[in-house]
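Before any comments, here is the structure.
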Amino acid sequence: MTIAPAQAAMYQEEREELISGSEAIGIACALADVDVITAYPIRPYDTVMQYVSKLKADGAFDCDFIVAESEHSQFEIVKHASAVGARTFCGSSGVGWFYAFEAIAVTAGLRLPVVAMVGNRALDDPGAFGVEHNDALAVRDLGWMLYWVATAQEALDIALLAYKVAEDPRVFLPFALSCDGSFLTHSQAIVNVPTFEQVQKFLPNYDRGRLLLHPDNPITIAPQVNEDWLMEIRRQSDEAMRRSTAVIKEHYEDFKRTFGRGDPSPFIEEYMVDDAEIVLVGMGTLALPARVAVRRLREAGKKVGFLRVKFFRPFATEEIQEALSRCKAVAVIDRDYSYGSPANGGVLFNELRSAMYAASNHPHILNFIAGLGGREVLVRDINGIVDTTQQAIDIGKIEQETTWVAVRE
Amino acid sequence: MSTVAVEVVYRGIFQKSLARNIVRSIVFAARKEGKIGTAFGRYGDSPERNGIPAKQFAIVADTAEELEENLAVYQAHEVDVTINVDDTLCKGVESWAWYGLEPINKLTKPNGTLIVTSRQTAESLIEDIHQREEPFSLSIIPGVPSFSGLWVYKDDHTDVRILGTLCKVCPQLVSLKSMVEAIKDQGWSDLKITSAEKAYERATDRPVEPGEGSASVPFSFELPGWKTMEEGLVIRGQGAGGGFRGGEEGFQPDRNEVFKKWSTRSMRPVVNFETCIKCTLCWLQCPDTCFDVTPDGLFDANMEACCGCGVCEAVCPVPECVTMVNEAEFNDNNSQWEAWQLDKDGYKKWMTVLIEKEKLVERTHGFHHVGQYAEEAANAGDN
């Protein structure tokens, strides 16, 4: 793979930039030398396409940049490009992501390592731009790896990791980076931009191997099958997702060695969880007010911690069981909803409660629906969540499993 | 251990690049001093509409942990300095996402500073600014509002003049030295550095005491709860309306009781009722149905419904019958027709002065008549 001289020149030295999470992913695409990028505007994802087109116009990124006529075509194009060996990137938000759903499902079915950014947005109607996690969560059963980002730096870092994991032949599954609309996509932070040299050391070229769709390697993909084939095919994808856990660990260690930053675990972030009696659980930028609340509560002598679920798929069942093995109560804060689900709770809550059924410790698990449509989750909201959870510990039972936070009656 | 927050209040699109330059420069300058910062726009203002009030923020802190307290928010919860780059917004801020009319200094901390670019005097600006219980300082940078467009930027040094002033009125934010370095780093000219330094030297501030300013109560409203809101995402239509001001004659449409207009517009129409030929064009073409039909068949622009787009002026066939006038000239939303009824000679004098004054001012945005752009473009070649 040859890199345009202007593109290579842009990233010779490590530097700081003041950029949004979306722009950080745009730079990660340039550093990963992505070949094919497709775009179709929808807020808040569109901040990535604007930035990629700017990089391209500036000569800082040489790629095929295709603005499709719809999200469906957008995802179809990268699916095909990935099959012929191109490194690809695309993304969408809210109902735009849903409009592409047929292509999104087959991308995973065909084991194509497409990397996509989901700028999390409430599903219409009503039309709303703010963050909810239901859009990205809709692919949770299909074979997409799903990661929730908390900072612009993490967006850049995990975008690089995403290619390495997705393109690993042991996995060959697509990877979605979920970024909270506004708080990540539209907020600029200081980000360390690595060099091309570092990235090239970390990230090998995409090699589709024997699966490459090419005249030199005559194959057919995407056949029609019946009941006599499908279970085995599904089981293969299941195995690939199971294998991804070890692959993620391996490549994350490599990432930390190469770039000198990262958490102990790629799957979860534990913030003062060790000796906590109450552990708050959430995803994405919820981590920011949660960490502030935990620090203040600790200063007041309250043993509270925060666990951030980074990878929703694969779900880190054992790590989460272990992390929650000592606490008395867990408060899962969902920035999503699942109407009519067990306890009328959120998706993360039901997933986590299911994971804890097989655990040795059975803390009280309460659910809080908060921050829908991009409403700010404030420190005082989190204090209220902790108070409600403490009551469950005090009286020894959960009176109300699911509570909507800061909703006007 | 400290966190300093700054907001820029501006006209959407026309001043977007200006606001962005200011907030980014603040974060760059603070970085020179080892601080860490974030720059962001109020998400509810976006996608921006031409001329609609909007906000951007810069927040800097000594440590990442302190900064975290101000992240994942739609807007800063309080600011040390409010920068207003269009003085008509001293009357208040209305986002198109519609939070009601918010005082310009709503987020300004007690003893904080409000910086305004304006040709008006402090006294004239304070008349527009809502009273509050805590004192603050007003710092005026002399000049007209710097307006440009989505793809163009009027590099008239407004950005660096504000940054220089900011270093003076808020020394805890960053030093002038760091700001000058940040200006240099962005590849801006030495002349811009000089402008920043001059603004720093010339910066003044005028203390504004509690009780000074406009006594009017800014418009606000209650949002319904989930138990009181109608189901099914239904918005009931407005009724057809009836007679003018509740009377038998004339006509006035029913209007949404909570969605009203104040500082959304930067200009408003002034009507000469004596030359009006009752052609109905302003009434028909107004996209916001803001004209009320008076009992004598004239058309009175209702300032609680007018967004200041200027379509009425453009379609009016009579010269100077409808003239768009800078919003800074007005302190209320009162009816022009009622004022004219009370004192026709007085109204005529008032209106003539305004229209003649308007002729002397080069409009910062929008156009006065069809074909004006072509004329200006042709003239631009001569300069």
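By convention in this document, the chains of the structure tokens carry letters A, B, ... by their order, each chain's residues are numbered from 1, and ligands are numbered from 1 in the order they are shown.
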Task: Spatial neighbours of A:Pro174, max dist 10 Å, only C-alpha atoms, sep filter under 6 positions, as a list in words - done: Lys79, Ile104, Thr107, Ala108, Gly109, Leu110, Arg111, Leu112, Pro113, Val114, Val115, Ala116, Leu142, Gly143, Trp144, Met145, Leu146, Ala162, Tyr163, Val165, Ala166 and Glu167 of chain A
Go ahead and save the picked residues with C-alpha atoms, as a CSV table (one decimal), in the first residue's frame.
```
chain,number,residue,atom,x,y,z
A,79,LYS,CA,-19.5,-4.1,2.2
A,104,ILE,CA,-25.6,-3.8,8.1
A,107,THR,CA,-22.0,-7.2,6.4
A,108,ALA,CA,-21.7,-9.3,9.6
A,109,GLY,CA,-23.1,-12.4,7.9
A,110,LEU,CA,-20.4,-12.2,5.2
A,111,ARG,CA,-17.7,-11.7,7.9
A,112,LEU,CA,-16.5,-8.4,6.4
A,113,PRO,CA,-14.4,-6.2,8.7
A,114,VAL,CA,-16.1,-2.9,8.0
A,115,VAL,CA,-15.5,-0.3,10.7
A,116,ALA,CA,-18.4,2.1,11.2
A,142,LEU,CA,-26.0,-9.6,14.5
A,143,GLY,CA,-22.3,-10.2,14.8
A,144,TRP,CA,-21.1,-6.6,15.0
A,145,MET,CA,-18.6,-5.8,17.7
A,146,LEU,CA,-19.9,-2.7,19.6
A,162,ALA,CA,-11.0,-1.6,15.6
A,163,TYR,CA,-9.2,-2.2,12.3
A,165,VAL,CA,-9.3,-6.6,15.6
A,166,ALA,CA,-11.9,-6.7,12.9
A,167,GLU,CA,-9.3,-7.5,10.2
```
Which residues of chain A sit at most 7 Å from chain B, using only C-alpha atoms? Give each one's shortest atom pair and distance in Å (one decimal place), in chain and ascending residue order, as JSON lines.
```
{"residue": "A:Ser182", "atom": "CA", "partner": "B:Tyr43", "partner_atom": "CA", "distance": 6.0}
{"residue": "A:Phe183", "atom": "CA", "partner": "B:Ala72", "partner_atom": "CA", "distance": 4.8}
{"residue": "A:His186", "atom": "CA", "partner": "B:Phe40", "partner_atom": "CA", "distance": 6.4}
{"residue": "A:Ser187", "atom": "CA", "partner": "B:Phe40", "partner_atom": "CA", "distance": 4.6}
{"residue": "A:Gln188", "atom": "CA", "partner": "B:Ala39", "partner_atom": "CA", "distance": 5.1}
{"residue": "A:Ala189", "atom": "CA", "partner": "B:Thr38", "partner_atom": "CA", "distance": 4.9}
{"residue": "A:Thr285", "atom": "CA", "partner": "B:Ala72", "partner_atom": "CA", "distance": 6.2}
{"residue": "A:Leu288", "atom": "CA", "partner": "B:Glu68", "partner_atom": "CA", "distance": 5.9}
{"residue": "A:Pro289", "atom": "CA", "partner": "B:Glu69", "partner_atom": "CA", "distance": 6.6}
{"residue": "A:Val292", "atom": "CA", "partner": "B:Glu69", "partner_atom": "CA", "distance": 6.1}
{"residue": "A:Glu376", "atom": "CA", "partner": "B:Val73", "partner_atom": "CA", "distance": 5.8}
{"residue": "A:Arg408", "atom": "CA", "partner": "B:Gly225", "partner_atom": "CA", "distance": 4.3}
{"residue": "A:Glu409", "atom": "CA", "partner": "B:Gly225", "partner_atom": "CA", "distance": 4.5}
```
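The space between atom CA of A:Gly119 and atom CA of A:Ala103 spans 17.9 Å.
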Just the residues within 12 Å of A:Pro126, please, counting only C-alpha atoms, with nothing from its chain fewer than 4 positions along; format it as a ChimeraX atom specification.
/A:94-95,121-122,130,373 /B:231-235
Go ahead and write the residues just picked, N, CA and C atoms, as a short mmCIF file (atom, residue, chain, number, x, y, z; two decimals), in the first residue's frame.
```
data_model
loop_
_atom_site.label_atom_id
_atom_site.label_comp_id
_atom_site.auth_asym_id
_atom_site.auth_seq_id
_atom_site.Cartn_x
_atom_site.Cartn_y
_atom_site.Cartn_z
N GLY A 94 -28.89 7.28 14.32
CA GLY A 94 -30.34 7.18 14.48
C GLY A 94 -31.02 6.39 13.38
N VAL A 95 -32.06 6.98 12.80
CA VAL A 95 -32.83 6.27 11.78
C VAL A 95 -32.06 6.10 10.47
N ARG A 121 -27.82 8.84 18.38
CA ARG A 121 -28.89 9.85 18.26
C ARG A 121 -30.22 9.17 18.54
N ALA A 122 -31.14 9.92 19.13
CA ALA A 122 -32.48 9.41 19.39
C ALA A 122 -33.13 8.99 18.08
N GLY A 130 -30.35 14.59 19.94
CA GLY A 130 -29.57 14.23 21.13
C GLY A 130 -29.32 12.73 21.23
N GLY A 373 -32.51 11.36 24.77
CA GLY A 373 -32.61 12.52 23.87
C GLY A 373 -31.54 13.55 24.13
N GLU B 231 -50.82 12.52 24.09
CA GLU B 231 -50.07 11.39 23.51
C GLU B 231 -50.07 11.45 21.99
N GLY B 232 -49.15 10.70 21.39
CA GLY B 232 -49.14 10.56 19.94
C GLY B 232 -48.45 11.67 19.20
N LEU B 233 -47.62 12.44 19.89
CA LEU B 233 -46.84 13.51 19.24
C LEU B 233 -47.71 14.50 18.49
N VAL B 234 -48.87 14.78 19.06
CA VAL B 234 -49.82 15.67 18.39
C VAL B 234 -49.58 17.11 18.80
N ILE B 235 -49.55 18.00 17.83
CA ILE B 235 -49.52 19.44 18.12
C ILE B 235 -50.81 20.02 17.55
#
```
9 Å contact set for stretch 93-99 of chain B, only C-alpha atoms, chain neighbours under 3 positions out, as a ChimeraX atom specification
/B:9,44-46,48-49,52-55,89-90,102-104,220-221,259,261-264
- Mind checking which residues fall within 10 Å of A:Ala81, counting only C-alpha atoms, ignoring those fewer than 4 positions away in the same chain, and posting them as number ranges by chain? A: 35-37, 75-77, 85-88, 112, 114, 213
From a DSSP pass on the backbone, collect the residues of stretch 127-344 of chain A flagged as strand (DSSP E or B) and hand them back as a PDB file with N, CA and C atoms, in the first residue's frame.
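Wrote out-v3.pdb, looks like this:
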```pdb
ATOM      1  N   MET A 145     -19.172  -6.153  16.469  1.00  0.00           N
ATOM      2  CA  MET A 145     -18.565  -5.752  17.731  1.00  0.00           C
ATOM      3  C   MET A 145     -19.039  -4.315  18.003  1.00  0.00           C
ATOM      4  N   LEU A 146     -19.317  -4.038  19.271  1.00  0.00           N
ATOM      5  CA  LEU A 146     -19.904  -2.732  19.615  1.00  0.00           C
ATOM      6  C   LEU A 146     -19.123  -2.119  20.773  1.00  0.00           C
ATOM      7  N   TYR A 147     -18.602  -0.925  20.557  1.00  0.00           N
ATOM      8  CA  TYR A 147     -17.777  -0.270  21.576  1.00  0.00           C
ATOM      9  C   TYR A 147     -18.339   1.110  21.870  1.00  0.00           C
ATOM     10  N   TRP A 148     -18.429   1.460  23.156  1.00  0.00           N
ATOM     11  CA  TRP A 148     -18.878   2.813  23.524  1.00  0.00           C
ATOM     12  C   TRP A 148     -17.709   3.672  24.000  1.00  0.00           C
ATOM     13  N   PHE A 175     -17.079  -3.808  13.031  1.00  0.00           N
ATOM     14  CA  PHE A 175     -16.852  -3.158  14.325  1.00  0.00           C
ATOM     15  C   PHE A 175     -17.539  -1.795  14.293  1.00  0.00           C
ATOM     16  N   ALA A 176     -18.426  -1.552  15.262  1.00  0.00           N
ATOM     17  CA  ALA A 176     -19.087  -0.236  15.338  1.00  0.00           C
ATOM     18  C   ALA A 176     -18.588   0.530  16.551  1.00  0.00           C
ATOM     19  N   LEU A 177     -18.164   1.773  16.298  1.00  0.00           N
ATOM     20  CA  LEU A 177     -17.737   2.678  17.366  1.00  0.00           C
ATOM     21  C   LEU A 177     -18.910   3.590  17.688  1.00  0.00           C
ATOM     22  N   SER A 178     -19.425   3.477  18.890  1.00  0.00           N
ATOM     23  CA  SER A 178     -20.549   4.319  19.271  1.00  0.00           C
ATOM     24  C   SER A 178     -20.047   5.578  19.966  1.00  0.00           C
ATOM     25  N   CYS A 179     -20.470   6.708  19.443  1.00  0.00           N
ATOM     26  CA  CYS A 179     -20.040   7.997  20.005  1.00  0.00           C
ATOM     27  C   CYS A 179     -21.272   8.820  20.346  1.00  0.00           C
ATOM     28  N   ASP A 180     -21.393   9.230  21.594  1.00  0.00           N
ATOM     29  CA  ASP A 180     -22.547  10.017  22.024  1.00  0.00           C
ATOM     30  C   ASP A 180     -22.642  11.315  21.223  1.00  0.00           C
ATOM     31  N   SER A 187     -17.952  18.196  20.548  1.00  0.00           N
ATOM     32  CA  SER A 187     -17.151  18.871  21.572  1.00  0.00           C
ATOM     33  C   SER A 187     -15.673  18.644  21.279  1.00  0.00           C
ATOM     34  N   GLN A 188     -14.927  19.749  21.286  1.00  0.00           N
ATOM     35  CA  GLN A 188     -13.506  19.643  20.947  1.00  0.00           C
ATOM     36  C   GLN A 188     -12.659  19.491  22.205  1.00  0.00           C
ATOM     37  N   ALA A 189     -11.740  18.540  22.155  1.00  0.00           N
ATOM     38  CA  ALA A 189     -10.838  18.311  23.282  1.00  0.00           C
ATOM     39  C   ALA A 189      -9.416  18.181  22.751  1.00  0.00           C
ATOM     40  N   ILE A 190      -8.453  18.274  23.671  1.00  0.00           N
ATOM     41  CA  ILE A 190      -7.051  18.114  23.276  1.00  0.00           C
ATOM     42  C   ILE A 190      -6.778  16.624  23.060  1.00  0.00           C
ATOM     43  N   VAL A 191      -6.326  16.272  21.859  1.00  0.00           N
ATOM     44  CA  VAL A 191      -6.089  14.871  21.512  1.00  0.00           C
ATOM     45  C   VAL A 191      -4.644  14.707  21.037  1.00  0.00           C
ATOM     46  N   ASN A 192      -3.987  13.642  21.517  1.00  0.00           N
ATOM     47  CA  ASN A 192      -2.652  13.302  21.029  1.00  0.00           C
ATOM     48  C   ASN A 192      -2.769  12.526  19.733  1.00  0.00           C
ATOM     49  N   VAL A 193      -2.193  13.071  18.677  1.00  0.00           N
ATOM     50  CA  VAL A 193      -2.250  12.387  17.387  1.00  0.00           C
ATOM     51  C   VAL A 193      -0.916  11.672  17.167  1.00  0.00           C
ATOM     52  N   HIS A 214     -11.720 -11.731  -6.005  1.00  0.00           N
ATOM     53  CA  HIS A 214     -10.793 -11.188  -6.993  1.00  0.00           C
ATOM     54  C   HIS A 214     -10.691 -12.176  -8.160  1.00  0.00           C
ATOM     55  N   ASN A 217      -8.592 -15.057  -7.679  1.00  0.00           N
ATOM     56  CA  ASN A 217      -9.021 -15.987  -6.624  1.00  0.00           C
ATOM     57  C   ASN A 217     -10.526 -16.221  -6.818  1.00  0.00           C
ATOM     58  N   ILE A 268     -13.774  -3.179  30.067  1.00  0.00           N
ATOM     59  CA  ILE A 268     -14.446  -2.349  31.063  1.00  0.00           C
ATOM     60  C   ILE A 268     -13.459  -1.379  31.689  1.00  0.00           C
ATOM     61  N   GLU A 269     -14.000  -0.263  32.189  1.00  0.00           N
ATOM     62  CA  GLU A 269     -13.183   0.660  32.969  1.00  0.00           C
ATOM     63  C   GLU A 269     -13.716   0.597  34.397  1.00  0.00           C
ATOM     64  N   GLU A 270     -12.826   0.340  35.352  1.00  0.00           N
ATOM     65  CA  GLU A 270     -13.245   0.300  36.748  1.00  0.00           C
ATOM     66  C   GLU A 270     -12.729   1.548  37.438  1.00  0.00           C
ATOM     67  N   TYR A 271     -13.642   2.346  37.973  1.00  0.00           N
ATOM     68  CA  TYR A 271     -13.248   3.577  38.660  1.00  0.00           C
ATOM     69  C   TYR A 271     -13.665   3.459  40.127  1.00  0.00           C
ATOM     70  N   ILE A 278     -21.528   0.379  46.557  1.00  0.00           N
ATOM     71  CA  ILE A 278     -22.465   0.639  45.454  1.00  0.00           C
ATOM     72  C   ILE A 278     -21.648   0.898  44.194  1.00  0.00           C
ATOM     73  N   VAL A 279     -21.964   0.160  43.132  1.00  0.00           N
ATOM     74  CA  VAL A 279     -21.275   0.385  41.869  1.00  0.00           C
ATOM     75  C   VAL A 279     -22.291   0.881  40.835  1.00  0.00           C
ATOM     76  N   LEU A 280     -21.971   2.045  40.265  1.00  0.00           N
ATOM     77  CA  LEU A 280     -22.776   2.579  39.163  1.00  0.00           C
ATOM     78  C   LEU A 280     -22.235   1.981  37.868  1.00  0.00           C
ATOM     79  N   VAL A 281     -23.123   1.682  36.929  1.00  0.00           N
ATOM     80  CA  VAL A 281     -22.685   1.120  35.647  1.00  0.00           C
ATOM     81  C   VAL A 281     -23.309   1.941  34.524  1.00  0.00           C
ATOM     82  N   GLY A 282     -22.488   2.265  33.523  1.00  0.00           N
ATOM     83  CA  GLY A 282     -23.024   3.012  32.384  1.00  0.00           C
ATOM     84  C   GLY A 282     -22.079   2.920  31.204  1.00  0.00           C
ATOM     85  N   VAL A 304     -18.505   4.396  46.897  1.00  0.00           N
ATOM     86  CA  VAL A 304     -19.182   4.284  45.608  1.00  0.00           C
ATOM     87  C   VAL A 304     -18.127   4.145  44.517  1.00  0.00           C
ATOM     88  N   GLY A 305     -18.434   3.375  43.491  1.00  0.00           N
ATOM     89  CA  GLY A 305     -17.536   3.243  42.351  1.00  0.00           C
ATOM     90  C   GLY A 305     -18.322   3.312  41.050  1.00  0.00           C
ATOM     91  N   PHE A 306     -17.590   3.382  39.950  1.00  0.00           N
ATOM     92  CA  PHE A 306     -18.251   3.419  38.634  1.00  0.00           C
ATOM     93  C   PHE A 306     -17.594   2.408  37.705  1.00  0.00           C
ATOM     94  N   LEU A 307     -18.408   1.627  37.051  1.00  0.00           N
ATOM     95  CA  LEU A 307     -17.911   0.662  36.068  1.00  0.00           C
ATOM     96  C   LEU A 307     -18.454   1.053  34.700  1.00  0.00           C
ATOM     97  N   ARG A 308     -17.537   1.327  33.781  1.00  0.00           N
ATOM     98  CA  ARG A 308     -17.973   1.670  32.415  1.00  0.00           C
ATOM     99  C   ARG A 308     -17.857   0.442  31.525  1.00  0.00           C
ATOM    100  N   VAL A 309     -18.969   0.077  30.923  1.00  0.00           N
ATOM    101  CA  VAL A 309     -18.953  -1.003  29.938  1.00  0.00           C
ATOM    102  C   VAL A 309     -18.476  -0.383  28.629  1.00  0.00           C
ATOM    103  N   PHE A 311     -16.852  -2.380  25.795  1.00  0.00           N
ATOM    104  CA  PHE A 311     -17.362  -3.287  24.767  1.00  0.00           C
ATOM    105  C   PHE A 311     -18.721  -3.821  25.210  1.00  0.00           C
ATOM    106  N   PHE A 312     -19.755  -3.513  24.442  1.00  0.00           N
ATOM    107  CA  PHE A 312     -21.056  -4.143  24.702  1.00  0.00           C
ATOM    108  C   PHE A 312     -21.112  -5.486  23.993  1.00  0.00           C
ATOM    109  N   ARG A 313     -20.419  -5.594  22.845  1.00  0.00           N
ATOM    110  CA  ARG A 313     -20.224  -6.862  22.147  1.00  0.00           C
ATOM    111  C   ARG A 313     -18.779  -6.936  21.719  1.00  0.00           C
ATOM    112  N   ALA A 329     -24.684  -3.460  46.048  1.00  0.00           N
ATOM    113  CA  ALA A 329     -25.744  -3.087  45.101  1.00  0.00           C
ATOM    114  C   ALA A 329     -25.150  -2.457  43.849  1.00  0.00           C
ATOM    115  N   VAL A 330     -25.851  -2.675  42.746  1.00  0.00           N
ATOM    116  CA  VAL A 330     -25.422  -2.143  41.448  1.00  0.00           C
ATOM    117  C   VAL A 330     -26.542  -1.262  40.899  1.00  0.00           C
ATOM    118  N   ALA A 331     -26.172  -0.086  40.396  1.00  0.00           N
ATOM    119  CA  ALA A 331     -27.147   0.803  39.762  1.00  0.00           C
ATOM    120  C   ALA A 331     -26.770   0.942  38.291  1.00  0.00           C
ATOM    121  N   VAL A 332     -27.538   0.329  37.417  1.00  0.00           N
ATOM    122  CA  VAL A 332     -27.244   0.407  35.986  1.00  0.00           C
ATOM    123  C   VAL A 332     -27.976   1.622  35.410  1.00  0.00           C
ATOM    124  N   ILE A 333     -27.193   2.516  34.808  1.00  0.00           N
ATOM    125  CA  ILE A 333     -27.793   3.717  34.214  1.00  0.00           C
ATOM    126  C   ILE A 333     -27.860   3.509  32.700  1.00  0.00           C
ATOM    127  N   ASP A 334     -29.049   3.386  32.183  1.00  0.00           N
ATOM    128  CA  ASP A 334     -29.245   3.156  30.748  1.00  0.00           C
ATOM    129  C   ASP A 334     -29.569   4.454  30.050  1.00  0.00           C
TER     130      ASP A 334
END
```
As a check of understanding: the span from atom CA of B:Val23 to atom CA of A:Leu18 is 10.9 Å
Picked from stretch 226-271 of chain A by DSSP as alpha helix (DSSP H), as a ChimeraX atom specification:
/A:230-259
Resulting file, chosen residues, N, CA and C atoms, as an mmCIF file, in the first residue's frame:
```cif
data_model
loop_
_atom_site.group_PDB
_atom_site.id
_atom_site.type_symbol
_atom_site.label_atom_id
_atom_site.label_comp_id
_atom_site.auth_asym_id
_atom_site.auth_seq_id
_atom_site.Cartn_x
_atom_site.Cartn_y
_atom_site.Cartn_z
ATOM 1 N N LEU A 230 -27.808 -23.506 7.380
ATOM 2 C CA LEU A 230 -27.712 -22.225 8.092
ATOM 3 C C LEU A 230 -27.183 -22.334 9.517
ATOM 4 N N MET A 231 -27.553 -23.397 10.225
ATOM 5 C CA MET A 231 -27.094 -23.468 11.623
ATOM 6 C C MET A 231 -25.581 -23.504 11.743
ATOM 7 N N GLU A 232 -24.949 -24.224 10.830
ATOM 8 C CA GLU A 232 -23.486 -24.324 10.873
ATOM 9 C C GLU A 232 -22.850 -22.958 10.580
ATOM 10 N N ILE A 233 -23.472 -22.248 9.635
ATOM 11 C CA ILE A 233 -22.939 -20.928 9.283
ATOM 12 C C ILE A 233 -23.065 -19.975 10.487
ATOM 13 N N ARG A 234 -24.226 -20.001 11.147
ATOM 14 C CA ARG A 234 -24.431 -19.152 12.330
ATOM 15 C C ARG A 234 -23.431 -19.524 13.429
ATOM 16 N N ARG A 235 -23.200 -20.834 13.573
ATOM 17 C CA ARG A 235 -22.275 -21.293 14.628
ATOM 18 C C ARG A 235 -20.854 -20.791 14.362
ATOM 19 N N GLN A 236 -20.497 -20.674 13.083
ATOM 20 C CA GLN A 236 -19.165 -20.128 12.742
ATOM 21 C C GLN A 236 -19.052 -18.677 13.200
ATOM 22 N N SER A 237 -20.086 -17.901 12.918
ATOM 23 C CA SER A 237 -20.050 -16.490 13.337
ATOM 24 C C SER A 237 -20.011 -16.393 14.855
ATOM 25 N N ASP A 238 -20.763 -17.277 15.498
ATOM 26 C CA ASP A 238 -20.775 -17.325 16.953
ATOM 27 C C ASP A 238 -19.365 -17.599 17.492
ATOM 28 N N GLU A 239 -18.692 -18.526 16.845
ATOM 29 C CA GLU A 239 -17.337 -18.867 17.286
ATOM 30 C C GLU A 239 -16.379 -17.694 17.054
ATOM 31 N N ALA A 240 -16.558 -17.012 15.936
ATOM 32 C CA ALA A 240 -15.697 -15.856 15.640
ATOM 33 C C ALA A 240 -15.869 -14.784 16.720
ATOM 34 N N MET A 241 -17.130 -14.535 17.112
ATOM 35 C CA MET A 241 -17.373 -13.536 18.161
ATOM 36 C C MET A 241 -16.774 -14.007 19.479
ATOM 37 N N ARG A 242 -16.889 -15.305 19.772
ATOM 38 C CA ARG A 242 -16.270 -15.826 21.006
ATOM 39 C C ARG A 242 -14.747 -15.623 20.962
ATOM 40 N N ARG A 243 -14.151 -15.929 19.781
ATOM 41 C CA ARG A 243 -12.689 -15.780 19.649
ATOM 42 C C ARG A 243 -12.252 -14.328 19.798
ATOM 43 N N SER A 244 -13.145 -13.412 19.453
ATOM 44 C CA SER A 244 -12.745 -11.994 19.426
ATOM 45 C C SER A 244 -12.270 -11.519 20.800
ATOM 46 N N THR A 245 -12.796 -12.113 21.870
ATOM 47 C CA THR A 245 -12.408 -11.665 23.219
ATOM 48 C C THR A 245 -10.890 -11.764 23.411
ATOM 49 N N ALA A 246 -10.343 -12.921 23.062
ATOM 50 C CA ALA A 246 -8.900 -13.100 23.232
ATOM 51 C C ALA A 246 -8.123 -12.206 22.265
ATOM 52 N N VAL A 247 -8.662 -12.058 21.060
ATOM 53 C CA VAL A 247 -7.982 -11.239 20.042
ATOM 54 C C VAL A 247 -7.946 -9.769 20.494
ATOM 55 N N ILE A 248 -9.052 -9.312 21.054
ATOM 56 C CA ILE A 248 -9.100 -7.924 21.539
ATOM 57 C C ILE A 248 -8.056 -7.720 22.629
ATOM 58 N N LYS A 249 -8.003 -8.667 23.567
ATOM 59 C CA LYS A 249 -7.011 -8.561 24.662
ATOM 60 C C LYS A 249 -5.602 -8.485 24.100
ATOM 61 N N GLU A 250 -5.303 -9.372 23.181
ATOM 62 C CA GLU A 250 -3.959 -9.456 22.591
ATOM 63 C C GLU A 250 -3.593 -8.137 21.898
ATOM 64 N N HIS A 251 -4.497 -7.654 21.071
ATOM 65 C CA HIS A 251 -4.181 -6.444 20.300
ATOM 66 C C HIS A 251 -4.202 -5.184 21.176
ATOM 67 N N TYR A 252 -4.998 -5.206 22.227
ATOM 68 C CA TYR A 252 -5.022 -4.044 23.131
ATOM 69 C C TYR A 252 -3.695 -3.926 23.875
ATOM 70 N N GLU A 253 -3.131 -5.074 24.275
ATOM 71 C CA GLU A 253 -1.801 -5.065 24.905
ATOM 72 C C GLU A 253 -0.773 -4.477 23.937
ATOM 73 N N ASP A 254 -0.888 -4.888 22.681
ATOM 74 C CA ASP A 254 0.004 -4.398 21.644
ATOM 75 C C ASP A 254 -0.178 -2.882 21.468
ATOM 76 N N PHE A 255 -1.437 -2.448 21.525
ATOM 77 C CA PHE A 255 -1.728 -1.013 21.402
ATOM 78 C C PHE A 255 -1.039 -0.241 22.520
ATOM 79 N N LYS A 256 -1.167 -0.736 23.735
ATOM 80 C CA LYS A 256 -0.582 -0.038 24.887
ATOM 81 C C LYS A 256 0.938 0.032 24.783
ATOM 82 N N ARG A 257 1.526 -1.068 24.297
ATOM 83 C CA ARG A 257 2.994 -1.078 24.120
ATOM 84 C C ARG A 257 3.410 -0.047 23.075
ATOM 85 N N THR A 258 2.658 0.018 21.977
ATOM 86 C CA THR A 258 3.043 0.900 20.871
ATOM 87 C C THR A 258 2.821 2.378 21.203
ATOM 88 N N PHE A 259 1.677 2.681 21.814
ATOM 89 C CA PHE A 259 1.308 4.091 21.980
ATOM 90 C C PHE A 259 1.470 4.601 23.412
#
```
Using only C-alpha atoms, the best pick from A:Val386, A:Ala138, A:Val52, A:Val118 as closest to A:Arg298 would be A:Val386
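What separates atom CA of A:Ile66 from atom CA of A:Gly181 is a distance of 23.1 Å.
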Q: Just the residues within 12 Å of A:Ala30, please, counting only C-alpha atoms, with nothing from its chain fewer than 4 positions along; format it as a VMD selection string.
A: chain A and resid 3 to 4 6 to 11 23 to 26 34 to 37 48 51 to 56 59 to 65 87 to 89 156 159 to 160 193 to 196 199 to 200
Contact table stretch 42-121 of chain B vs stretch 205-208 of chain B, cut-off 10 Å, shortest pair per residue, only C-alpha atoms, as a tab-separated table:
```
residue	atom	partner	partner_atom	distance
B:Asn111	CA	B:Pro207	CA	8.7
B:Gly112	CA	B:Pro207	CA	9.9
B:Thr113	CA	B:Asp205	CA	8.3
B:Leu114	CA	B:Asp205	CA	9.1
B:Ile115	CA	B:Asp205	CA	8.7
```
